[in-house]
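Student: My structure is stored as run07.txt, with compact mmCIF, C-alpha atoms.
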# COMPACT_ATOMS: atom_id res chain seq x y z
CA MET A 1 -16.40 -40.57 32.55
CA ALA A 2 -13.38 -40.67 34.80
CA ILE A 3 -13.08 -37.70 37.14
CA ASP A 4 -9.69 -36.54 38.41
CA HIS A 5 -9.96 -36.05 42.16
CA GLU A 6 -6.31 -35.05 42.65
CA SER A 7 -5.66 -32.26 45.09
CA PRO A 8 -5.57 -28.75 43.56
CA PHE A 9 -2.53 -28.07 45.78
CA LYS A 10 -0.40 -30.69 44.04
CA GLU A 11 1.00 -28.18 41.57
CA LEU A 12 1.78 -25.74 44.37
CA ASN A 13 3.66 -28.41 46.30
CA LEU A 14 5.78 -29.26 43.24
CA LYS A 15 6.76 -25.62 42.90
CA ASN A 16 8.29 -25.77 46.36
CA ARG A 17 10.62 -28.53 45.23
CA ARG A 18 13.84 -28.25 43.26
CA ILE A 19 15.02 -30.76 40.66
CA THR A 20 18.44 -32.10 41.65
CA GLY A 21 21.26 -33.22 39.36
CA GLY A 22 20.10 -36.85 39.48
CA GLY A 23 16.58 -35.96 38.39
CA ALA A 24 15.04 -36.41 41.87
CA LEU A 25 12.89 -33.78 43.52
CA GLU A 26 14.34 -32.14 46.60
CA ASP A 27 11.91 -30.60 49.05
CA ASP A 28 12.91 -26.97 49.70
CA SER A 29 10.16 -26.48 52.27
CA ARG A 30 12.61 -27.51 54.99
CA TRP A 31 14.54 -24.27 54.51
CA PRO A 32 13.47 -20.61 54.55
CA ARG A 33 12.81 -19.17 51.10
CA TRP A 34 15.59 -16.60 51.57
CA LEU A 35 18.36 -19.11 52.30
CA ARG A 36 19.34 -20.20 48.79
CA PRO A 37 19.25 -16.63 47.41
CA LEU A 38 21.42 -15.57 50.35
CA LEU A 39 24.04 -18.21 49.61
CA ALA A 40 24.12 -17.21 45.92
CA THR A 41 24.51 -13.47 46.62
CA ARG A 42 27.80 -11.65 46.04
CA PHE A 43 28.77 -9.44 48.95
CA PHE A 44 31.40 -6.74 49.46
CA VAL A 45 30.83 -5.21 46.04
CA PRO A 46 30.26 -1.47 45.47
CA CYS A 47 26.67 -0.34 45.83
CA ASN A 48 25.29 0.82 42.47
CA LEU A 49 22.48 2.84 44.07
CA HIS A 50 24.80 4.92 46.27
CA SER A 51 27.88 5.29 44.13
CA TYR A 52 27.63 9.08 44.60
CA SER A 53 28.50 8.75 48.28
CA PRO A 54 31.91 10.21 49.21
CA HIS A 55 32.58 7.15 51.33
CA LYS A 56 33.13 3.68 49.97
CA ARG A 57 29.82 1.84 50.18
CA GLU A 58 30.21 -1.93 50.18
CA CYS A 59 27.21 -4.22 50.20
CA ASN A 60 27.52 -6.38 53.29
CA MET A 61 23.89 -6.44 54.46
CA TYR A 62 21.00 -8.67 53.42
CA CYS A 63 17.24 -8.38 53.87
CA LEU A 64 15.61 -11.70 54.72
CA ASP A 65 12.13 -10.42 53.92
CA CYS A 66 12.98 -9.14 50.43
CA ALA A 67 15.64 -11.78 49.63
CA HIS A 68 16.69 -9.82 46.59
CA ALA A 69 20.27 -8.52 46.67
CA ALA A 70 23.08 -7.34 48.91
CA LEU A 71 22.60 -3.97 50.56
CA CYS A 72 24.86 -1.20 51.83
CA SER A 73 24.31 0.79 55.02
CA LEU A 74 22.41 3.52 53.15
CA CYS A 75 20.07 0.96 51.59
CA LEU A 76 18.83 -0.03 55.05
CA ALA A 77 16.69 3.11 55.18
CA HIS A 78 14.24 1.33 52.86
CA HIS A 79 14.17 -1.83 55.02
CA ARG A 80 13.58 -0.41 58.48
CA ASP A 81 10.77 -2.81 59.37
CA HIS A 82 12.45 -5.84 57.77
CA ARG A 83 14.74 -8.52 59.14
CA THR A 84 18.29 -7.76 58.07
CA ILE A 85 21.59 -9.50 58.77
CA GLN A 86 25.20 -8.45 58.35
CA ILE A 87 27.74 -10.51 56.42
CA ARG A 88 31.40 -10.41 57.42
CA ARG A 89 34.59 -11.69 55.81
CA SER A 90 37.30 -14.08 56.91
CA SER A 91 40.16 -14.94 54.53
CA TYR A 92 38.10 -13.77 51.53
CA HIS A 93 35.15 -15.98 52.50
CA ASP A 94 31.72 -14.80 53.67
CA VAL A 95 30.72 -15.56 57.26
CA ILE A 96 27.88 -14.62 59.57
CA ARG A 97 27.78 -14.47 63.33
CA VAL A 98 26.07 -17.36 65.06
CA SER A 99 24.22 -14.92 67.31
CA GLU A 100 22.46 -13.51 64.24
CA ILE A 101 21.77 -16.53 62.08
CA GLN A 102 20.62 -18.91 64.81
CA LYS A 103 17.61 -16.65 65.46
CA VAL A 104 16.20 -17.46 62.03
CA LEU A 105 17.82 -20.76 61.02
CA ASP A 106 18.71 -24.11 62.56
CA ILE A 107 22.50 -24.44 62.16
CA ALA A 108 22.87 -27.74 64.02
CA GLY A 109 25.73 -29.81 62.63
CA VAL A 110 27.53 -26.87 60.98
CA GLN A 111 31.14 -26.23 62.04
CA THR A 112 31.53 -22.94 63.94
CA TYR A 113 34.68 -20.85 64.28
CA ILE A 114 35.76 -18.04 66.58
CA ILE A 115 36.98 -15.04 64.60
CA ASN A 116 37.67 -11.68 66.25
CA SER A 117 36.17 -12.95 69.50
CA ALA A 118 32.87 -13.82 67.78
CA ARG A 119 31.57 -17.26 66.86
CA VAL A 120 30.71 -17.48 63.15
CA VAL A 121 29.72 -19.96 60.44
CA PHE A 122 30.72 -19.88 56.77
CA LEU A 123 28.03 -19.35 54.17
CA ASN A 124 29.49 -21.62 51.49
CA GLU A 125 32.07 -24.36 51.24
CA ARG A 126 35.76 -23.52 50.96
CA PRO A 127 37.93 -25.47 48.54
CA GLN A 128 40.40 -27.85 50.16
CA PRO A 129 42.85 -29.58 47.76
CA ARG A 130 43.15 -32.74 49.84
CA PRO A 131 41.92 -33.80 53.30
CA SER A 132 44.42 -33.53 56.13
CA LYS A 133 45.97 -36.79 57.26
CA GLY A 134 44.83 -38.21 60.57
CA VAL A 135 41.48 -36.37 60.54
CA ALA A 136 38.61 -38.60 61.59
CA SER A 137 35.70 -36.31 60.73
CA THR A 138 35.04 -34.56 57.41
CA CYS A 139 32.19 -32.64 55.80
CA GLU A 140 29.53 -34.98 54.43
CA ILE A 141 29.40 -33.00 51.16
CA CYS A 142 32.86 -31.63 50.33
CA ASP A 143 35.11 -33.71 52.65
CA ARG A 144 36.64 -30.70 54.36
CA SER A 145 38.28 -31.50 57.70
CA LEU A 146 36.01 -30.89 60.70
CA LEU A 147 35.89 -31.42 64.41
CA ASP A 148 34.23 -34.64 65.56
CA SER A 149 30.97 -33.04 66.68
CA PHE A 150 30.08 -31.45 63.31
CA ARG A 151 28.79 -32.78 59.98
CA PHE A 152 29.03 -29.82 57.61
CA CYS A 153 31.59 -27.10 56.97
CA SER A 154 29.10 -24.41 55.93
CA LEU A 155 25.44 -23.55 55.52
CA GLY A 156 25.70 -24.33 51.81
CA CYS A 157 26.82 -27.89 52.48
CA LYS A 158 24.07 -28.38 55.07
CA ILE A 159 21.33 -27.74 52.52
CA ALA A 160 23.14 -29.31 49.54
CA ASP A 161 21.77 -32.31 47.68
CA PRO A 162 23.42 -35.48 49.12
CA GLY A 163 23.91 -36.77 45.59
CA ARG A 164 26.22 -33.84 44.93
CA LYS A 165 28.97 -35.54 46.90
CA LYS A 166 29.14 -38.32 44.30
CA SER A 167 29.73 -35.81 41.49
CA ILE A 168 32.39 -34.02 43.54
CA ALA A 169 34.15 -37.32 44.29
CA ALA A 170 34.03 -38.36 40.63
CA SER A 171 35.45 -35.01 39.52
CA SER A 172 38.22 -35.17 42.14
CA SER A 173 39.10 -38.73 41.11
CA ALA A 174 39.35 -37.74 37.44
CA THR A 175 41.52 -34.74 38.30
CA SER A 176 43.82 -36.87 40.47
CA SER A 177 44.19 -39.49 37.72
CA SER A 178 45.04 -36.79 35.19
CA ASP A 179 47.60 -35.27 37.55
CA ARG A 180 49.21 -38.65 38.19
CA GLY A 181 49.39 -39.36 34.45
CA SER A 182 51.03 -36.04 33.62
CA GLU A 183 53.41 -36.43 36.58
CA LYS A 184 54.41 -39.91 35.39
CA SER A 185 54.99 -38.60 31.87
CA HIS A 186 57.10 -35.77 33.24
CA VAL A 187 59.20 -38.12 35.34
CA THR A 188 59.75 -40.48 32.39
CA GLN A 189 60.95 -37.69 30.16
CA SER A 190 63.19 -36.09 32.78
CA PHE A 191 65.35 -39.17 33.45
CA PRO A 192 68.59 -39.37 31.38
CA ALA A 193 69.39 -42.40 29.19
CA VAL A 194 70.52 -45.45 31.17
CA PHE A 195 73.65 -47.29 29.92
CA THR A 196 73.89 -51.02 30.47
CA PRO A 197 77.26 -52.78 30.81
CA SER A 198 76.94 -54.14 27.25
CA SER A 199 76.36 -50.68 25.84
CA ALA A 200 79.34 -49.36 27.79
CA ALA A 201 81.57 -52.10 26.32
CA SER A 202 80.32 -51.30 22.82
CA ALA A 203 81.15 -47.67 23.36
CA ALA A 204 84.67 -48.60 24.48
CA VAL A 205 85.24 -50.70 21.34
CA SER A 206 83.92 -48.07 18.97
CA HIS A 207 86.01 -45.38 20.62
CA PRO A 208 89.37 -46.99 21.66
CA ARG A 209 91.45 -45.07 24.12
CA VAL A 210 94.69 -43.74 22.57
CA LYS A 211 97.80 -44.18 24.71
CA ARG A 212 100.15 -41.26 24.85
CA ARG A 213 103.88 -41.99 24.43
CA LYS A 214 106.25 -40.82 27.10
CA GLY A 215 108.73 -38.16 26.01
CA PHE A 216 112.54 -38.34 26.48
CA PRO A 217 113.99 -36.16 29.26
CA HIS A 218 116.13 -33.26 28.15
CA ARG A 219 119.43 -32.57 29.99
CA ALA A 220 119.80 -29.08 31.24
CA PRO A 221 122.62 -27.08 29.51
CA PHE A 222 125.84 -26.46 31.41
Re-express the file's structure as structure tokens.

Tutor:
Amino acid sequence: MAIDHESPFKELNLKNRRITGGGALEDDSRWPRWLRPLLATRFFVPCNLHSYSPHKRECNMYCLDCAHAALCSLCLAHHRDHRTIQIRRSSYHDVIRVSEIQKVLDIAGVQTYIINSARVVFLNERPQPRPSKGVASTCEICDRSLLDSFRFCSLGCKIADPGRKKSIAASSSATSSSDRGSEKSHVTQSFPAVFTPSSAASAAVSHPRVKRRKGFPHRAPF
């Protein structure tokens, strides 16, 4: 009788992996368990637990130990012994200060920015219609323009599946082709009809020009 000597931890190891779009298994053990939930969380929304507060309570805090949902300042009373971070906003995009995130996560290769005298990184990628001309370095996932010393535009792109870039490129190519086709159709329809010399001559024959006769001068009365 054949005996299966496989490790009992095999199933546990598979649970720590995530199936990517191409069917391959991506090892999530490289990243903290709270990172992906953090990137998927919506911040700066009203707090449902403290809606009775006379002041506007926006959820801009996050507990790394619970990794559950965004928190407001009043929610922190239940997370006193936990690791919490504060999320800020720049141009409607979520950012976090480097001084906070680098204590719990390796952010090497991620583009940093100085906003309000503080160095920050973006949580997720920001859409960019087309790369800027003359830029030598771009994000390895979304092709956003970067400085030469960086590889990713955000934390989300740093932990993204490398195969995701192919799907983004294919989608962008299809969108560009569709835009070019509709633009070409619009240009074709907007041009007026072009008359060739032969058509102009035909028009002259079919519509001959009528010469007006000169009138006789009238002598003024004495």

Student: Using all atoms listed in the file, which of A:Ala77, A:Val110, A:Ala136, A:Ala70 sits nearest A:Gly156?

Tutor: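 Nearest candidate to A:Gly156 out of A:Ala77, A:Val110, A:Ala136, A:Ala70: A:Val110.
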
Student: Would you list the contacts of A:Ile87 as an MDAnalysis selection string, taking every protein, DNA or RNA residue within 7 Å and counting only C-alpha atoms, but skipping same-chain residues closer than 3 positions in sequence?

Tutor: chainID A and resid 60:61 94:96

Student: Any chance you can output those residues with C-alpha atoms as an mmCIF file, in the coordinates of the input?

Tutor:
data_model
loop_
_atom_site.group_PDB
_atom_site.id
_atom_site.type_symbol
_atom_site.label_atom_id
_atom_site.label_comp_id
_atom_site.auth_asym_id
_atom_site.auth_seq_id
_atom_site.Cartn_x
_atom_site.Cartn_y
_atom_site.Cartn_z
ATOM 1 C CA ASN A 60 27.520 -6.380 53.290
ATOM 2 C CA MET A 61 23.890 -6.440 54.460
ATOM 3 C CA ASP A 94 31.720 -14.800 53.670
ATOM 4 C CA VAL A 95 30.720 -15.560 57.260
ATOM 5 C CA ILE A 96 27.880 -14.620 59.570
#

Student: Please compute the atom CA of A:Arg97-atom CA of A:Leu155 distance, one decimal, in Å.

Tutor: 12.2 Å

Student: Hey, which of A:Leu146, A:Leu71, A:Leu64, A:Ala160 ends up closest to A:Cys47? Count all atoms listed in the file.

Tutor: A:Leu71

Student: Can you work out the spacing between atom CA of A:Pro46 and atom CA of A:Val98 in Å, to one decimal?

Tutor: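 Atom-to-atom, atom CA of A:Pro46 and atom CA of A:Val98 are spaced 25.6 Å apart.
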
Student: For the atom pair atom CA of A:Gly109 and atom CA of A:Cys153, what is the interatomic distance in Å to one decimal place?

Tutor: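 Between atom CA of A:Gly109 and atom CA of A:Cys153 the gap works out to 8.6 Å.
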
Student: Tell me, as a PyMOL selection string, which residues lie within 9 Å of A:Arg42, counting only C-alpha atoms; anything in the same chain fewer than 3 positions away does not count.

Tutor: chain A and resi 38-39+45+59-60+69-70

Student: Which of these, A:Phe44, A:Val135, A:Ile85, A:His50, has the shortest distance to A:Tyr62 once you count only C-alpha atoms?

Tutor: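 Of the candidates, the smallest distance to A:Tyr62 is held by A:Ile85.
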
Student: Do you know which residues are at most 9 Å from A:Phe150 counting only C-alpha atoms, after dropping those on the same chain fewer than 5 positions away, and could you put them as a CSV table (one decimal) with C-alpha atoms, in the frame of the given file?

Tutor:
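What ended up in out07.csv:
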chain,number,residue,atom,x,y,z
A,108,ALA,CA,22.9,-27.7,64.0
A,109,GLY,CA,25.7,-29.8,62.6
A,110,VAL,CA,27.5,-26.9,61.0
A,111,GLN,CA,31.1,-26.2,62.0
A,112,THR,CA,31.5,-22.9,63.9
A,137,SER,CA,35.7,-36.3,60.7
A,138,THR,CA,35.0,-34.6,57.4
A,139,CYS,CA,32.2,-32.6,55.8

Student: Which residue, A:Arg144, A:His78, A:Arg119, A:Arg130, has the smallest gap to A:Ser90 when you use all atoms listed in the file?

Tutor: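 Closest candidate: A:Arg119.
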